[in-house]
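This is start_1.cif. It holds mmCIF, C-alpha atoms.
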data_model
loop_
_atom_site.label_atom_id
_atom_site.label_comp_id
_atom_site.auth_asym_id
_atom_site.auth_seq_id
_atom_site.Cartn_x
_atom_site.Cartn_y
_atom_site.Cartn_z
CA MET A 152 25.31 -25.39 13.79
CA ASN A 153 24.12 -23.48 16.86
CA GLU A 154 25.39 -19.96 16.24
CA PHE A 155 24.39 -17.88 13.22
CA ASP A 156 26.65 -15.10 11.99
CA ALA A 157 26.59 -12.43 9.28
CA ALA A 158 27.71 -14.93 6.62
CA PHE A 159 24.71 -17.10 7.51
CA VAL A 160 22.29 -14.20 7.03
CA LEU A 161 23.97 -13.28 3.74
CA ARG A 162 23.51 -16.89 2.59
CA TRP A 163 19.86 -16.78 3.67
CA LEU A 164 19.18 -13.63 1.64
CA THR A 165 21.09 -14.94 -1.39
CA ILE A 166 19.03 -18.14 -1.35
CA ALA A 167 15.87 -16.06 -0.88
CA ALA A 168 16.77 -13.85 -3.86
CA ALA A 169 17.31 -16.94 -6.03
CA ALA A 170 13.97 -18.38 -4.90
CA VAL A 171 12.16 -15.12 -5.63
CA GLU A 172 13.77 -14.98 -9.06
CA ARG A 173 12.82 -18.62 -9.78
CA GLU A 174 9.24 -18.17 -8.53
CA ALA A 175 8.65 -14.61 -9.81
CA ASP A 176 6.25 -15.74 -12.54
CA ARG A 177 4.24 -17.81 -10.07
CA LEU A 178 4.03 -14.89 -7.62
CA THR A 179 2.86 -12.58 -10.38
CA GLU A 180 0.32 -15.17 -11.53
CA LEU A 181 -1.11 -15.38 -8.00
CA ASP A 182 -1.13 -11.57 -7.82
CA SER A 183 -2.89 -11.26 -11.17
CA ALA A 184 -5.82 -13.21 -9.70
CA ILE A 185 -6.40 -10.93 -6.70
CA GLY A 186 -3.99 -8.00 -6.98
CA ASP A 187 -2.28 -5.86 -9.58
CA ALA A 188 0.00 -8.53 -11.06
CA ASP A 189 3.30 -7.00 -10.02
CA HIS A 190 4.32 -8.97 -6.92
CA GLY A 191 6.81 -11.23 -8.69
CA ALA A 192 8.48 -8.42 -10.62
CA ASN A 193 8.57 -6.15 -7.54
CA MET A 194 10.07 -8.81 -5.29
CA LYS A 195 12.61 -9.81 -7.94
CA ARG A 196 13.74 -6.20 -8.37
CA GLY A 197 13.95 -5.68 -4.60
CA PHE A 198 15.87 -8.83 -3.72
CA ALA A 199 18.24 -8.43 -6.66
CA ALA A 200 19.06 -4.94 -5.35
CA VAL A 201 19.53 -6.38 -1.86
CA THR A 202 22.04 -9.05 -2.90
CA ASP A 203 23.84 -6.56 -5.13
CA ALA A 204 24.21 -4.04 -2.28
CA LEU A 205 25.25 -6.70 0.24
CA GLU A 206 27.88 -8.13 -2.10
CA LYS A 207 29.44 -4.72 -2.57
CA GLU A 208 29.42 -3.79 1.11
CA PRO A 209 28.76 -6.79 3.35
CA PRO A 210 27.93 -5.73 6.93
CA THR A 211 29.63 -7.72 9.69
CA THR A 212 26.80 -8.67 12.06
CA PRO A 213 23.53 -10.52 11.42
CA GLY A 214 21.56 -7.51 12.65
CA ALA A 215 23.37 -5.09 10.34
CA VAL A 216 22.91 -7.36 7.31
CA LEU A 217 19.15 -7.54 7.91
CA ALA A 218 18.83 -3.80 8.60
CA ALA A 219 20.70 -2.94 5.38
CA ALA A 220 18.61 -5.41 3.38
CA GLY A 221 15.40 -3.95 4.80
CA ARG A 222 16.34 -0.40 3.86
CA LYS A 223 17.18 -1.53 0.35
CA LEU A 224 13.81 -3.24 -0.04
CA ILE A 225 11.93 -0.11 1.06
CA SER A 226 13.77 1.94 -1.54
CA THR A 227 13.61 -0.43 -4.52
CA VAL A 228 10.48 -2.59 -4.52
CA GLY A 229 7.96 0.11 -5.53
CA GLY A 230 4.86 -1.68 -4.23
CA ALA A 231 3.40 -2.34 -0.80
CA SER A 232 5.64 -5.38 -0.34
CA GLY A 233 8.65 -3.00 -0.20
CA PRO A 234 7.80 -1.21 3.04
CA LEU A 235 6.26 -4.41 4.48
CA TYR A 236 9.24 -6.74 3.81
CA GLY A 237 11.63 -3.85 4.43
CA THR A 238 10.13 -3.27 7.84
CA LEU A 239 10.19 -7.02 8.56
CA LEU A 240 13.94 -7.33 7.89
CA ARG A 241 14.94 -3.98 9.35
CA ARG A 242 13.07 -4.45 12.62
CA THR A 243 14.29 -8.05 12.91
CA GLY A 244 17.84 -6.75 12.36
CA LYS A 245 17.45 -3.96 14.90
CA SER A 246 16.11 -6.45 17.43
CA LEU A 247 19.22 -8.59 17.02
CA GLY A 248 21.38 -5.61 17.98
CA GLU A 249 25.12 -5.74 17.33
CA ALA A 250 25.83 -9.33 18.37
CA PRO A 251 28.41 -10.97 16.03
CA SER A 252 26.40 -14.20 16.12
CA VAL A 253 23.00 -15.25 17.39
CA THR A 254 21.20 -18.44 18.36
CA ARG A 255 18.12 -19.80 16.64
CA GLN A 256 16.09 -18.81 19.70
CA GLU A 257 17.39 -15.25 19.51
CA LEU A 258 16.55 -15.18 15.81
CA ALA A 259 13.03 -16.40 16.62
CA VAL A 260 12.55 -13.61 19.18
CA ALA A 261 13.85 -10.97 16.75
CA LEU A 262 11.72 -12.26 13.88
CA THR A 263 8.68 -12.09 16.17
CA ALA A 264 9.44 -8.39 16.74
CA GLY A 265 9.83 -7.91 12.98
CA VAL A 266 6.51 -9.61 12.28
CA ALA A 267 4.81 -7.49 14.95
CA ALA A 268 6.15 -4.35 13.21
CA VAL A 269 4.70 -5.56 9.89
CA ALA A 270 1.32 -6.16 11.56
CA GLN A 271 1.40 -2.65 13.01
CA LEU A 272 2.42 -1.01 9.73
CA GLY A 273 -0.24 -2.72 7.65
CA GLY A 274 -2.88 -2.94 10.35
CA ALA A 275 -3.48 -6.61 9.52
CA GLN A 276 -3.78 -9.73 11.61
CA VAL A 277 -3.73 -13.49 11.03
CA GLY A 278 -6.72 -14.53 8.91
CA ASP A 279 -6.78 -11.35 6.79
CA LYS A 280 -5.15 -13.23 3.87
CA THR A 281 -1.77 -11.47 4.02
CA MET A 282 1.89 -12.35 4.51
CA LEU A 283 1.17 -12.55 8.26
CA ASP A 284 -0.69 -15.83 7.67
CA ALA A 285 2.67 -17.41 6.79
CA LEU A 286 4.96 -15.34 9.01
CA VAL A 287 3.17 -15.65 12.35
CA PRO A 288 3.13 -19.49 12.36
CA ALA A 289 6.71 -19.43 11.04
CA THR A 290 7.96 -17.47 14.05
CA GLU A 291 6.21 -19.94 16.34
CA GLY A 292 7.78 -22.86 14.46
CA LEU A 293 11.23 -21.28 14.59
CA GLY A 294 11.23 -21.69 18.36
CA GLU A 295 11.28 -25.44 17.68
CA SER A 296 13.43 -25.79 14.54
CA PHE A 297 14.16 -24.25 11.14
CA ALA A 298 12.29 -27.10 9.44
CA ALA A 299 9.25 -26.52 11.66
CA ALA A 300 9.29 -22.83 10.69
CA ARG A 301 9.44 -23.73 6.98
CA ASP A 302 6.56 -26.22 7.26
CA ALA A 303 4.44 -23.83 9.31
CA ALA A 304 4.95 -21.01 6.79
CA GLU A 305 4.05 -23.31 3.90
CA ARG A 306 0.90 -24.51 5.69
CA GLY A 307 0.02 -20.91 6.53
CA ALA A 308 0.36 -19.83 2.90
CA LEU A 309 -1.82 -22.72 1.69
CA ALA A 310 -4.39 -21.90 4.38
CA THR A 311 -4.97 -18.47 2.78
CA VAL A 312 -6.78 -20.09 -0.18
CA PRO A 313 -10.27 -20.24 1.40
CA LEU A 314 -9.91 -16.86 3.15
CA GLN A 315 -11.48 -13.58 2.09
CA ALA A 316 -8.93 -10.75 1.80
CA ARG A 317 -9.37 -7.88 4.23
CA LYS A 318 -6.27 -5.83 3.40
CA GLY A 319 -4.69 -4.31 0.33
CA ARG A 320 -5.90 -4.39 -3.25
CA ALA A 321 -7.34 -7.90 -2.89
CA SER A 322 -9.82 -6.64 -0.27
CA TYR A 323 -11.64 -4.66 -2.99
CA LEU A 324 -12.60 -8.00 -4.55
CA GLY A 325 -14.56 -9.09 -1.49
CA GLU A 326 -15.75 -12.68 -1.82
CA ARG A 327 -14.08 -13.03 -5.21
CA SER A 328 -10.74 -13.17 -3.40
CA ILE A 329 -11.79 -16.54 -1.95
CA GLY A 330 -10.19 -19.56 -3.64
CA HIS A 331 -6.87 -17.90 -4.47
CA GLN A 332 -3.63 -18.31 -2.52
CA ASP A 333 -2.32 -14.99 -1.21
CA PRO A 334 0.83 -13.88 -3.09
CA GLY A 335 2.30 -12.16 -0.02
CA ALA A 336 1.89 -15.24 2.15
CA THR A 337 3.44 -17.26 -0.70
CA SER A 338 6.54 -15.06 -0.93
CA SER A 339 6.81 -15.10 2.86
CA ALA A 340 6.85 -18.90 2.77
CA LEU A 341 9.67 -18.69 0.18
CA LEU A 342 11.65 -16.42 2.51
CA ILE A 343 11.25 -18.82 5.44
CA ALA A 344 12.08 -21.84 3.24
CA ALA A 345 15.28 -20.02 2.23
CA LEU A 346 16.10 -19.57 5.92
CA ALA A 347 15.69 -23.30 6.54
CA GLU A 348 17.82 -24.10 3.48
CA ALA A 349 20.58 -21.74 4.65
CA ALA A 350 20.55 -23.41 8.07
CA ALA A 351 20.72 -26.91 6.56
CA GLU A 352 23.87 -26.13 4.54
CA MET B 177 8.01 36.02 8.07
CA ASN B 178 8.67 32.58 9.47
CA ALA B 179 9.59 29.73 7.18
CA GLN B 180 6.67 28.06 5.42
CA VAL B 181 5.65 24.44 5.81
CA GLY B 182 6.63 22.30 2.82
CA ILE B 183 4.19 19.93 1.13
CA VAL B 184 4.92 16.65 -0.67
CA LEU B 185 2.32 14.84 -2.78
CA VAL B 186 2.95 11.08 -3.00
CA SER B 187 1.02 9.22 -5.68
CA HIS B 188 1.43 5.96 -7.58
CA SER B 189 1.42 8.07 -10.72
CA ALA B 190 3.83 10.86 -11.70
CA GLU B 191 1.05 12.50 -13.70
CA VAL B 192 -1.40 12.47 -10.77
CA ALA B 193 1.13 13.90 -8.33
CA GLY B 194 2.27 16.57 -10.78
CA ALA B 195 -1.25 17.54 -11.83
CA VAL B 196 -2.55 17.79 -8.27
CA ALA B 197 0.45 19.96 -7.34
CA ALA B 198 -0.33 22.26 -10.29
CA LEU B 199 -4.04 22.31 -9.38
CA ALA B 200 -3.28 23.23 -5.77
CA GLN B 201 -0.90 25.98 -6.87
CA GLY B 202 -3.52 27.36 -9.25
CA LEU B 203 -6.25 27.34 -6.59
CA ALA B 204 -3.99 28.67 -3.86
CA GLY B 205 -3.96 32.09 -5.41
CA GLY B 206 -1.82 31.77 -8.47
CA GLY B 207 1.06 33.84 -7.11
CA ALA B 208 3.86 32.64 -4.87
CA THR B 209 2.83 29.71 -2.71
CA ALA B 210 4.48 27.62 -0.01
CA PRO B 211 6.92 25.04 -1.40
CA ILE B 212 5.21 21.97 -2.86
CA ALA B 213 6.74 19.01 -4.70
CA PRO B 214 5.26 15.92 -6.37
CA ALA B 215 6.71 12.45 -5.71
CA GLY B 216 4.80 10.26 -8.12
CA GLY B 217 5.51 6.87 -9.65
CA ARG B 218 8.81 5.03 -9.75
CA PRO B 219 12.08 6.59 -10.92
CA ASP B 220 11.86 4.51 -14.13
CA GLY B 221 8.48 6.12 -14.91
CA GLY B 222 6.32 3.13 -13.97
CA LEU B 223 3.40 3.17 -11.57
CA GLY B 224 4.31 2.66 -7.93
CA THR B 225 5.91 4.33 -4.95
CA SER B 226 9.53 5.42 -4.76
CA SER B 227 11.09 6.17 -1.40
CA GLU B 228 13.95 7.92 -3.22
CA LEU B 229 11.57 10.35 -4.91
CA ILE B 230 9.71 10.92 -1.62
CA VAL B 231 12.88 11.61 0.36
CA GLY B 232 14.19 13.89 -2.40
CA ALA B 233 10.94 15.87 -2.60
CA ALA B 234 10.75 16.24 1.18
CA HIS B 235 14.24 17.72 1.36
CA GLU B 236 13.47 19.96 -1.60
CA VAL B 237 10.50 21.62 0.16
CA ASP B 238 11.96 21.64 3.66
CA ARG B 239 12.42 25.19 4.99
CA GLY B 240 12.78 24.12 8.62
CA ALA B 241 9.09 24.53 9.49
CA GLY B 242 8.12 20.91 8.89
CA VAL B 243 6.95 18.94 5.87
CA ALA B 244 3.42 17.62 5.35
CA LEU B 245 3.24 14.45 3.23
CA LEU B 246 -0.07 13.68 1.52
CA VAL B 247 -0.45 10.22 -0.01
CA ASP B 248 -2.86 8.36 -2.26
CA LEU B 249 -3.13 4.57 -1.90
CA GLY B 250 -1.69 1.38 -0.38
CA SER B 251 2.05 1.38 -0.89
CA ALA B 252 2.26 5.18 -0.81
CA VAL B 253 0.82 5.12 2.71
CA LEU B 254 3.00 2.21 3.82
CA THR B 255 6.20 3.61 2.32
CA VAL B 256 5.83 6.99 4.02
CA LYS B 257 5.02 5.25 7.32
CA ALA B 258 8.08 3.02 6.96
CA LEU B 259 10.28 6.05 6.13
CA LEU B 260 8.98 7.93 9.19
CA ALA B 261 9.81 4.87 11.31
CA GLU B 262 13.39 5.00 9.98
CA GLU B 263 13.76 8.40 11.65
CA ASP B 264 16.82 9.50 9.67
CA GLU B 265 15.56 9.62 6.07
CA LEU B 266 12.99 12.42 6.09
CA PRO B 267 13.62 15.99 7.33
CA GLU B 268 12.86 16.76 10.96
CA GLY B 269 9.19 17.63 11.42
CA ALA B 270 8.02 15.49 8.51
CA ARG B 271 4.48 14.22 9.05
CA LEU B 272 2.09 11.89 7.24
CA VAL B 273 -1.25 13.67 6.79
CA ASP B 274 -4.46 11.65 6.88
CA ALA B 275 -6.43 13.58 4.25
CA PRO B 276 -8.17 13.15 0.90
CA PHE B 277 -5.48 13.57 -1.75
CA VAL B 278 -6.82 16.35 -3.98
CA GLU B 279 -8.91 18.32 -1.49
CA GLY B 280 -6.27 17.89 1.19
CA ALA B 281 -3.51 19.13 -1.11
CA VAL B 282 -5.40 22.34 -1.86
CA ALA B 283 -6.28 22.98 1.80
CA ALA B 284 -2.71 22.24 2.90
CA LEU B 285 -1.13 24.53 0.31
CA VAL B 286 -3.53 27.43 0.98
CA THR B 287 -2.86 27.15 4.72
CA ALA B 288 0.90 26.81 4.34
CA SER B 289 1.02 29.73 1.89
CA ALA B 290 -0.85 31.89 4.40
CA GLY B 291 1.89 31.17 6.92
CA GLY B 292 0.11 28.46 8.92
CA ASP B 293 2.36 26.19 10.98
CA LEU B 294 2.55 22.39 10.56
CA ASP B 295 -0.34 21.75 12.98
CA ALA B 296 -2.54 24.21 11.08
CA VAL B 297 -1.61 22.67 7.71
CA VAL B 298 -2.33 19.14 8.95
CA ALA B 299 -5.63 20.23 10.51
CA ALA B 300 -6.77 22.03 7.34
CA ALA B 301 -5.92 19.03 5.14
CA SER B 302 -7.63 16.52 7.46
CA GLU B 303 -10.72 18.74 7.72
CA ALA B 304 -11.21 18.28 3.99
CA TYR B 305 -12.67 14.85 4.92
CA THR B 306 -15.66 16.55 6.57
CA TYR B 307 -16.76 18.27 3.36
CA ARG B 308 -19.53 16.00 2.07
CA LYS B 309 -20.51 16.02 -1.59
CA GLU B 310 -24.13 15.03 -1.19
#
Structure translated into structure tokens:
Amino acid sequence: MNEFDAAFVLRWLTIAAAAVEREADRLTELDSAIGDADHGANMKRGFAAVTDALEKEPPTTPGAVLAAAGRKLISTVGGASGPLYGTLLRRTGKSLGEAPSVTRQELAVALTAGVAAVAQLGGAQVGDKTMLDALVPATEGLGESFAAARDAAERGALATVPLQARKGRASYLGERSIGHQDPGATSSALLIAALAEAAAE
Amino acid sequence: MNAQVGIVLVSHSAEVAGAVAALAQGLAGGGATAPIAPAGGRPDGGLGTSSELIVGAAHEVDRGAGVALLVDLGSAVLTVKALLAEEDELPEGARLVDAPFVEGAVAALVTASAGGDLDAVVAAASEAYTYRKE
């Protein structure tokens, strides 16, 4: 498959919602170590609302699907991951424009713009122990293949374990944040793994 | 008199947002003040930030002279920033104010009630950072 249409993006987000639902307890467990123990529940609520809204009114282009999903996340998650993931999807969608289908390369370029918007919103960079530690390598991997993006995101999430958090609630813990995998980077890796799974189908 | 600037207080907690709004109204002279609305917690009553409550409160206090949004922590800041980036959710002239939550709310409401424009309200709220306590 070389062209990715609205149905592909819908499949991606459906797989992502299922993964978030399946892994919600693990995300919350990671967040209870260095955050406020609501990441799993927040993400589950947000992605369930996304798939519900998209099923009722499925947009017809990849960009429109992502933009609609992003808006829904901002309005339903309730924690910082709402505006962050919402901005990621919405800006990625806007970058894709109104094309009825896109290539993997075009998706990689758009996702890079989405990740840059997340970095700007949160004021974080790679190494701060945030979702960017998974997303930035994932966008680089996506230029090569979906599988490379998935592996890079997974490696990036694992690489947050020895880092000290410099953003969000976890940053208040200082050195005590070291030794725990970042929940945001973990959910980002789930999102990218869902993308690879959707592409493999 | 020109329309007054509206003020929205965004907190993770409905109680905090509501109490700070009441405190600001009490300290702003007791009588009629500029429009102010709390947007605290999630719609289901839990702790967190709700873009629906924020957007609703902003439209409620909008009189056409701009809306100043004061926020407490983390996701409140990020949600308002993300809403402003959307461009079509908040009323025209809505602005995130970088100010301490309680002190900024009082300064903003006093200034708005006195007829100050959005720039004056934002400046008064931000200046609350310069008041040291020791």
Show me, as a short mmCIF file (atom, residue, chain, number, x, y, z; two decimals) with C-alpha atoms, in the frame of the given file, every residue of chain B with an atom at most 7 Å from chain A, counting all atoms listed in the file.
data_model
loop_
_atom_site.label_atom_id
_atom_site.label_comp_id
_atom_site.auth_asym_id
_atom_site.auth_seq_id
_atom_site.Cartn_x
_atom_site.Cartn_y
_atom_site.Cartn_z
CA ARG B 218 8.81 5.03 -9.75
CA GLY B 224 4.31 2.66 -7.93
CA THR B 225 5.91 4.33 -4.95
CA SER B 226 9.53 5.42 -4.76
CA SER B 227 11.09 6.17 -1.40
CA GLU B 228 13.95 7.92 -3.22
CA GLY B 250 -1.69 1.38 -0.38
CA SER B 251 2.05 1.38 -0.89
CA LEU B 254 3.00 2.21 3.82
CA THR B 255 6.20 3.61 2.32
CA ALA B 258 8.08 3.02 6.96
#
* Work out how far apart atom CA of A:Ala204 and atom CA of A:Leu161 are and give it in Å to one decimal. => 11.0 Å
* To do: Using all atoms listed in the file, pick whichever of B:Ala210, B:Leu249, B:Val181, B:Ala290 has the shortest atom-to-atom distance to B:Glu268.
  => B:Val181
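Taking atom CA of B:His235 and atom CA of B:Asn178 as the two end points, the separation is 17.8 Å.
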Which residues are near B:Arg239? Cut-off 9 Å, all atoms listed in the file, ignore same chain within fewer than 6 positions. Put them as a compact mmCIF listing (two decimals) with C-alpha atoms, keeping the file's coordinate frame.
# COMPACT_ATOMS: atom_id res chain seq x y z
CA ALA B 179 9.59 29.73 7.18
CA GLN B 180 6.67 28.06 5.42
CA VAL B 181 5.65 24.44 5.81
CA GLY B 182 6.63 22.30 2.82
CA PRO B 211 6.92 25.04 -1.40
* Asked: With all atoms listed in the file as the atoms that count, which of B:Pro219, B:Gly205, B:Gly232, B:Gly242 lies nearest to B:Ala283?
  -> B:Gly205
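The residues returned by the PyMOL selection byres ((chain A and resi 248) around 9) on the shown structure are Thr212, Pro213, Gly214, Ala215, Gly244, Lys245, Ser246, Leu247, Glu249 and Ala250 of chain A.
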* To do: Kindly give the distance, in Å, that separates atom CA of B:Thr287 and atom CA of B:Ile183, rounded to a single decimal.
  => 10.7 Å
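Closest approach to B:Glu263 among B:Val231, B:Asp295, B:Val192, B:Glu303: B:Val231, based on all atoms listed in the file.
For the structure in this document, the set picked by the PyMOL selection byres ((chain B and resi 267) around 7) is B:Ala234, B:His235, B:Asp238, B:Glu265, B:Leu266, B:Glu268, B:Gly269, B:Ala270.
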For C-alpha atoms, I'd like the residues from the last selection saved as a CSV table (one decimal), keeping the file's coordinate frame.
chain,number,residue,atom,x,y,z
B,234,ALA,CA,10.8,16.2,1.2
B,235,HIS,CA,14.2,17.7,1.4
B,238,ASP,CA,12.0,21.6,3.7
B,265,GLU,CA,15.6,9.6,6.1
B,266,LEU,CA,13.0,12.4,6.1
B,268,GLU,CA,12.9,16.8,11.0
B,269,GLY,CA,9.2,17.6,11.4
B,270,ALA,CA,8.0,15.5,8.5
* Would you translate the PyMOL selection byres ((chain A and resi 177) around 12) into the concrete set of residues it matches in this file, as a list in words? => Ala170, Val171, Glu172, Arg173, Glu174, Ala175, Asp176, Leu178, Thr179, Glu180, Leu181, Asp182, Ser183, Ala184, Ala188, Asp189, His190, Gly191, Ala192, Met194, Lys195, Gln332, Asp333, Pro334, Gly335, Thr337, Ser338 and Leu341 of chain A
Expected file contents, prior selection, C-alpha atoms, as an mmCIF file, keeping the file's coordinate frame:
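The resulting file, selection.cif, is reproduced below:
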data_model
loop_
_atom_site.group_PDB
_atom_site.id
_atom_site.type_symbol
_atom_site.label_atom_id
_atom_site.label_comp_id
_atom_site.auth_asym_id
_atom_site.auth_seq_id
_atom_site.Cartn_x
_atom_site.Cartn_y
_atom_site.Cartn_z
ATOM 1 C CA ALA A 170 13.970 -18.380 -4.900
ATOM 2 C CA VAL A 171 12.160 -15.120 -5.630
ATOM 3 C CA GLU A 172 13.770 -14.980 -9.060
ATOM 4 C CA ARG A 173 12.820 -18.620 -9.780
ATOM 5 C CA GLU A 174 9.240 -18.170 -8.530
ATOM 6 C CA ALA A 175 8.650 -14.610 -9.810
ATOM 7 C CA ASP A 176 6.250 -15.740 -12.540
ATOM 8 C CA LEU A 178 4.030 -14.890 -7.620
ATOM 9 C CA THR A 179 2.860 -12.580 -10.380
ATOM 10 C CA GLU A 180 0.320 -15.170 -11.530
ATOM 11 C CA LEU A 181 -1.110 -15.380 -8.000
ATOM 12 C CA ASP A 182 -1.130 -11.570 -7.820
ATOM 13 C CA SER A 183 -2.890 -11.260 -11.170
ATOM 14 C CA ALA A 184 -5.820 -13.210 -9.700
ATOM 15 C CA ALA A 188 0.000 -8.530 -11.060
ATOM 16 C CA ASP A 189 3.300 -7.000 -10.020
ATOM 17 C CA HIS A 190 4.320 -8.970 -6.920
ATOM 18 C CA GLY A 191 6.810 -11.230 -8.690
ATOM 19 C CA ALA A 192 8.480 -8.420 -10.620
ATOM 20 C CA MET A 194 10.070 -8.810 -5.290
ATOM 21 C CA LYS A 195 12.610 -9.810 -7.940
ATOM 22 C CA GLN A 332 -3.630 -18.310 -2.520
ATOM 23 C CA ASP A 333 -2.320 -14.990 -1.210
ATOM 24 C CA PRO A 334 0.830 -13.880 -3.090
ATOM 25 C CA GLY A 335 2.300 -12.160 -0.020
ATOM 26 C CA THR A 337 3.440 -17.260 -0.700
ATOM 27 C CA SER A 338 6.540 -15.060 -0.930
ATOM 28 C CA LEU A 341 9.670 -18.690 0.180
#
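You can rank B:Ala296, B:Tyr307, B:Arg271, B:Val237 by their closest distance to B:Val253 using all atoms listed in the file, and at the top of that list sits B:Arg271.
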Excluding A:Arg317 and any residue of its chain fewer than 5 positions from it, enumerate the residues within 12 Å of it, using only C-alpha atoms, and give them as a PDB file with C-alpha atoms, keeping the file's coordinate frame.
ATOM      1  CA  ILE A 185      -6.400 -10.930  -6.700  1.00  0.00           C
ATOM      2  CA  GLY A 273      -0.240  -2.720   7.650  1.00  0.00           C
ATOM      3  CA  GLY A 274      -2.880  -2.940  10.350  1.00  0.00           C
ATOM      4  CA  ALA A 275      -3.480  -6.610   9.520  1.00  0.00           C
ATOM      5  CA  GLN A 276      -3.780  -9.730  11.610  1.00  0.00           C
ATOM      6  CA  VAL A 277      -3.730 -13.490  11.030  1.00  0.00           C
ATOM      7  CA  GLY A 278      -6.720 -14.530   8.910  1.00  0.00           C
ATOM      8  CA  ASP A 279      -6.780 -11.350   6.790  1.00  0.00           C
ATOM      9  CA  LYS A 280      -5.150 -13.230   3.870  1.00  0.00           C
ATOM     10  CA  THR A 281      -1.770 -11.470   4.020  1.00  0.00           C
ATOM     11  CA  THR A 311      -4.970 -18.470   2.780  1.00  0.00           C
ATOM     12  CA  SER A 322      -9.820  -6.640  -0.270  1.00  0.00           C
ATOM     13  CA  TYR A 323     -11.640  -4.660  -2.990  1.00  0.00           C
ATOM     14  CA  LEU A 324     -12.600  -8.000  -4.550  1.00  0.00           C
ATOM     15  CA  GLY A 325     -14.560  -9.090  -1.490  1.00  0.00           C
ATOM     16  CA  GLU A 326     -15.750 -12.680  -1.820  1.00  0.00           C
ATOM     17  CA  ARG A 327     -14.080 -13.030  -5.210  1.00  0.00           C
ATOM     18  CA  SER A 328     -10.740 -13.170  -3.400  1.00  0.00           C
ATOM     19  CA  ILE A 329     -11.790 -16.540  -1.950  1.00  0.00           C
ATOM     20  CA  ASP A 333      -2.320 -14.990  -1.210  1.00  0.00           C
TER      21      ASP A 333
END
